[in-house]
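Q: What follows is a single structure, and I will ask about it in a moment.
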Amino acid sequence: MKVELKIQRFDPVKDQEPHFETYAVDCEPTDRVLDALLQVKGLMDGTLTLRKSCAHGVCGSDGMRINGRNRLACKELIQSQEQPIVVEPMKGFKIVKDLVVDMEPFFEKFRAVKPYLINEDPPPAKERLQSEKQREKFEDATKCILCACCTTSCPTFWADSEFLGPAALVAAQRFIFDSRDQAKEERLDIVGEKEGAWKCRTIFNCTDACPRDIEVTKAIGEIKKEELFRKL
Amino acid sequence: MGAQIHKFEAIVVGGGGAGLYAALALSKEKVQTAVLSKLYPTRSHTGAAQGGIGAALANVEPDNPEWHMYDTVKGSDYLADQDAVEIMCNEAVTTVYELEHLGLPFNRTPEGKIDQRKFGGHTRDHGKAPVQRSCFSADRTGHMILQTLYQQCIKNEVKFFDEYHVMDLILESGICRGVVAYQISNGEVHVFHAKTVLFATGGSGRMFKITSNAHALTGDGMAVALRRKIPLEDMEFFQIHPTGIYKMGILLSEACRGEGGILRNGKGERFMERYAPTIKDLAPRDIVSRCIYFEVRDGNGVNGKDYVHLDLTHLGAEVIEKKLPDIADFVRTYMGLNPVTDLIPIQPTAHYAMGGIPSNFNSEVLGDEKGTIVKGFYAAGECACVSVHGANRLGTNSLVDILVFGRRAGLSMAKYCRANDFAPLPKDPENEVLAQIEWLRSNAGGEKTAVVREALQCTMMDNCGVFRTSETLQKAQGDIAELKKRFLKIQVSDKSQVFNTDMLEAMELNNLLDLAQVTVDAAFARTESRGAHYREDFPKRDDAQWMKHSFATLSAGKTDLKYKPVVITRFQPQERKY
Amino acid sequence: MNSYGSRPAPTASTFELVAWLFMRLSGVLLLILALGHLVIMHLINDIGKINYEFVAGRWSGELGMLWRGYDWLMLILAMLHGVNGMRTILEDYLSPGRRRILVLTVLYVVSFAFLAAGSYVVFSFRRVM
């Protein structure tokens, strides 16, 4: 089928402002939006720039705004998109070129919540025991692939770039609720701040955007609840 | 334009499981380490591994590392080096515990221990019945490993250079001195001066049309080593995984069959019963992939086409949603089917390079078939060939391999760094890279990377896939030679410095072309069938002549093949029956 | 670089937590108070009955202080709830700087004036015959 793509382009050397260009490609209805973009890049205009890798929704490289919603281009099929398919970079980070944005601030926020297990006890000879019930408390958050679709769909983040953002808060939730972790307090100190969980206005854009179906807003709510009962 | 020079004791190239585990081990040993990755590390393809990591923990039923070793050797069609396999299977156990201590959220048994499940080729007591050996975290075990290791590297303040593409290895007089890398974001060239370099750059599955591999898997590390006269071992063995999503190649984990899934042909028959009566659908991947094609050839494909069905419908919604959630999501997203009620069309998909940069069990790279060690140069993970997978890798063993040998690489590098000083850099080590970039930028000939790449992928799939004959391989040789000529006319349309992926893809294609050449040439030379290498004109295994590893080098565009004997310690080669 | 990267170190302030909790609690309370207000003013009584005498009578009767307290609570909760809501919106959408300080100052001054005037009226009211 014929597919029309309207892609936001920006070359930092030549352009002052981003602009849209339209391309027509021939695709199968079951092709991914990523396939269509790569067809443009491979056969029509090699300068089109995007990140990509696994092409099946597990690496988190190709987060972008497709028809107004943050999605992974490799998880959206052509047949489920209205035409023309409008493709833009994720909002809220500096555009490096075309669909590529600067991810450094995103990873900096991730690192800020101490996103790693902290347990200073000498490890046992075998595994630390943990029940399925204990694991289920943070399982949802472990699915995160750091694609930034949630953070860049958050209006609060667009307005305030100091906000930690949903992805970093999900990473914090993952460890706060892990029965093996010993740094819950320290981590709550970080996320229980004005620019942390309290900045979340429960808009739910993040939950809608997450390609891994993580209940992001719920995870942030759990942090708020935990912080509330700790302080009161 | 010159190059920026950086100095680190250890450089790790590749941010997947092997690279990150090495970096973690190095940082714990207080060695100054930097990780260079073409992608952000969390984008690495380790994250796509689904089913689990094989380790004889015996948490749910009796098991021991010796059985794991037997299965691995038998699965490898007796081509694996048994000393290395023994180390891997023993250390698998401690490695899994260490990962748990690092925070990996494994699924748990009712007692709270790490849960385990069945996997292809893993058996109890030397082949008696399938065994629950694969430790897993739903069907995203690789994702959890990658995340956990990345998290711990952040904790240990490992230095990362993200989106740096390594283009050359600085090697002189048998001593490695660093690497030359291209910074994707701004087109600058960097020289990394180091005492030790680890290549953990992953596989090269993108040389095939239908593949489970990421776009990034273009065998960069292997190709760089090959151009620096390091041989590549056992390149003729490329695993084709039986269950990829029809036409797309997206992997549906062997865990589907580990949990009880069944393959059915067009008539609805469970055809694996005929080929592997004892372990049926859980036979090793090379066998199952071949059987699917046998069925298709006999007219038993679904609707006469080239695919069969994976049937999960009898597992029930609970098992599918709890233990195979991502698989269920893939099937829904990409095929619009519901795995709880529908049969899933599947087709074999190119999956894993058993071959690679020859290394020993300390992950030191071997410079020739005699075993001469290249000082300061290490390789681990899919880009390396220890060889623990021989002619066919068992499911779950890739994760075991990257972790065990990634860690061992880190430890041996730390030891080397303590004992040795920096070897001096040669003069202007970046010149060749700068010239190559300049050539790519200015070359005009009208050939497009995407077109040449697709032609390569088609010929490799058709002529060097599951079935091979001297005719198909000769056809592939001819095609590759032709494509290499076309590459000389490659024209990059993006000339800019900023995030030039057009140029990057051309570099990657160049790597794939070299690797495809040695793969096909090594396959043409091996006149027997073993593991994943199946020659229809030589359908029998020939231990008398071919119980040996191939070592391929490139000189002046020609492949030169030498051979090294297999290390056999415990298990003498036998006929492989399941 | 500290372990928080370039981010500010935690302040341990509980203001946002309390503000968040206040919004929930005041919301629930306001719902009850406003519903009660609605029932009294529009269901039990009707618009024809409600005039100066009605309100003045209620505030001056035996339960005068209770009704004054009821109305004052509504006033103060609604004001604080609204002002805090405005504060979060302004802090979300105005970047730190003089403009934000100015707008917030205006908000606080105006709302304080309204609160003061309202409270004064509620508690100093004398019925005029």
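Letters A, B, ... go to the chains of the structure tokens in the order shown; residues in each chain start at 1; ligands are counted from 1 in the same order.
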Would you kindly return, as number ranges by chain, each protein, DNA or RNA residue with an atom no farther than 7 Å from any atom of Thr207 in chain A, considering only C-alpha atoms and excluding same-chain residues fewer than 6 positions away?
A: A: 214-217
Q: Which neighbours of range 277-292 of chain B fall inside 8 Å, counting only C-alpha atoms, when residues of the same chain fewer than 2 positions from it are skipped, and could you give them as JSON, numbers by chain?
A: {"B": [75, 119, 120, 121, 128, 129, 130, 239, 240, 241, 242, 257, 258, 261, 262, 263, 272, 273, 274, 275, 294, 295, 296, 307, 308, 347, 348, 392, 393, 394, 395, 466, 467, 531, 532, 578]}
Q: So that each row is one residue of chain B with an atom at most 12 Å from chain C, can you give its shortest atom pair and the distance in Å to one decimal, using only C-alpha atoms, rows by chain and rising number, as a tab-separated table?
A:
```
residue	atom	partner	partner_atom	distance
B:Ile154	CA	C:Ser3	CA	10.6
B:Lys155	CA	C:Ser3	CA	9.7
B:Asn156	CA	C:Ser3	CA	11.4
B:Glu157	CA	C:Ser3	CA	9.9
```
Q: List the spatial neighbours of Ala171 in chain A as a ChimeraX atom specification - criterion: any atom at most 9 Å away, only C-alpha atoms, same-chain residues fewer than 3 positions off excluded.
A: /A:110,113-116,141-142,144,166-168,174-176
Q: Within 6 Å of chain A, which residues belong to chain B? Use only C-alpha atoms and report them as a PyMOL selection string.
A: chain B and resi 43+97+103+108+112-113+151-152+214-216+450+493-494+502
Q: So which residues of range 42-231 of chain A fall under alpha helix (DSSP H) by DSSP, listed as a ChimeraX atom specification?
A: /A:104-112,132-142,155-159,166-176,184-191,205-209,216-231
Q: Between C:Asn51, C:Ser111, C:Thr88, C:Thr105, which one has atoms that come closest to chain A, using only C-alpha atoms?
A: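 Among the listed residues, C:Thr88 lies closest to chain A.
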Q: Any chance you could list, as a ChimeraX atom specification, the residues in range 324-419 of chain B that come up strand (DSSP E) when DSSP is run on the backbone?
A: /B:344-353,357-358,364-366,373-379,384-385
Q: So which residues touch Asp560 in chain B within 9 Å, counting only C-alpha atoms, skipping near sequence neighbours fewer than 3 positions away, as an mmCIF file with N, CA and C atoms, in the first residue's frame?
A:
```cif
data_model
loop_
_atom_site.group_PDB
_atom_site.id
_atom_site.type_symbol
_atom_site.label_atom_id
_atom_site.label_comp_id
_atom_site.auth_asym_id
_atom_site.auth_seq_id
_atom_site.Cartn_x
_atom_site.Cartn_y
_atom_site.Cartn_z
ATOM 1 N N VAL B 518 34.364 -14.634 4.769
ATOM 2 C CA VAL B 518 35.039 -15.728 5.493
ATOM 3 C C VAL B 518 34.036 -16.801 5.920
ATOM 4 N N ASP B 521 33.436 -18.895 2.744
ATOM 5 C CA ASP B 521 34.638 -19.648 2.364
ATOM 6 C C ASP B 521 34.908 -20.794 3.344
ATOM 7 N N PHE B 551 40.305 -21.650 11.230
ATOM 8 C CA PHE B 551 40.847 -20.311 11.527
ATOM 9 C C PHE B 551 40.994 -19.572 10.200
ATOM 10 N N ALA B 552 40.151 -18.572 9.999
ATOM 11 C CA ALA B 552 40.166 -17.875 8.711
ATOM 12 C C ALA B 552 40.835 -16.513 8.840
ATOM 13 N N THR B 553 41.729 -16.226 7.907
ATOM 14 C CA THR B 553 42.291 -14.872 7.846
ATOM 15 C C THR B 553 42.051 -14.320 6.444
ATOM 16 N N LEU B 554 42.105 -13.010 6.344
ATOM 17 C CA LEU B 554 41.968 -12.374 5.034
ATOM 18 C C LEU B 554 43.294 -11.758 4.674
ATOM 19 N N SER B 555 43.808 -12.103 3.470
ATOM 20 C CA SER B 555 44.968 -11.344 3.014
ATOM 21 C C SER B 555 44.789 -11.037 1.540
#
```
Q: Just need the residues of chain A within 10 Å of chain C, counting only C-alpha atoms, so spit them out as a ChimeraX atom specification.
A: /A:105,108-109,111-114,155-164,186-199,201,224-225,227-228,231-232
Q: CA of Gly52 in chain B and CA of Asp121 in chain A are how many Å apart?
A: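 Separation between CA of Gly52 in chain B and CA of Asp121 in chain A: 27.0 Å.
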Q: Find the spatial neighbours of Arg127 in chain C, counting only C-alpha atoms, within a cut-off of 9 Å - ignore same-chain residues fewer than 4 positions away - and output them as a list in words.
A: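 Final neighbour list, sorted by chain and number: Glu53, Ala56, Gly57, Trp59 and Ser60 of chain C.
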Q: Excluding range 77-82 of chain C and any residue of its chain fewer than 4 positions from it, enumerate the residues within 7 Å of it, using only C-alpha atoms, and give them as a PyMOL selection string.
A: chain C and resi 23+26+30+73+86
Q: Keeping C-alpha atoms for every residue in the selection just given, could you write it to a file as a tab-separated table (two decimals), in the first residue's frame?
A:
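Listing of out.tsv after writing:
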```
chain	number	residue	atom	x	y	z
C	23	MET	CA	-5.06	19.20	48.63
C	26	SER	CA	-9.29	19.80	51.80
C	30	LEU	CA	-14.86	20.82	50.67
C	73	LEU	CA	-14.11	26.81	56.99
C	86	MET	CA	-2.58	28.18	41.25
```
Q: Name all residues at most 12 Å from Pro429 in chain B (count only C-alpha atoms; drop same-chain ones fewer than 5 positions away) and give them as a list in words.
A: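 Here the answer would be Gly2, Ala3, Gln4, Ile5, Met167, Asp168, Leu169, Ile170, Leu171, Glu172, Arg177, Gly178, Val179, Val180, Ala181, Val189, His190, Val191, Phe192, His193, Pro424, Leu434 and Ala435 of chain B.
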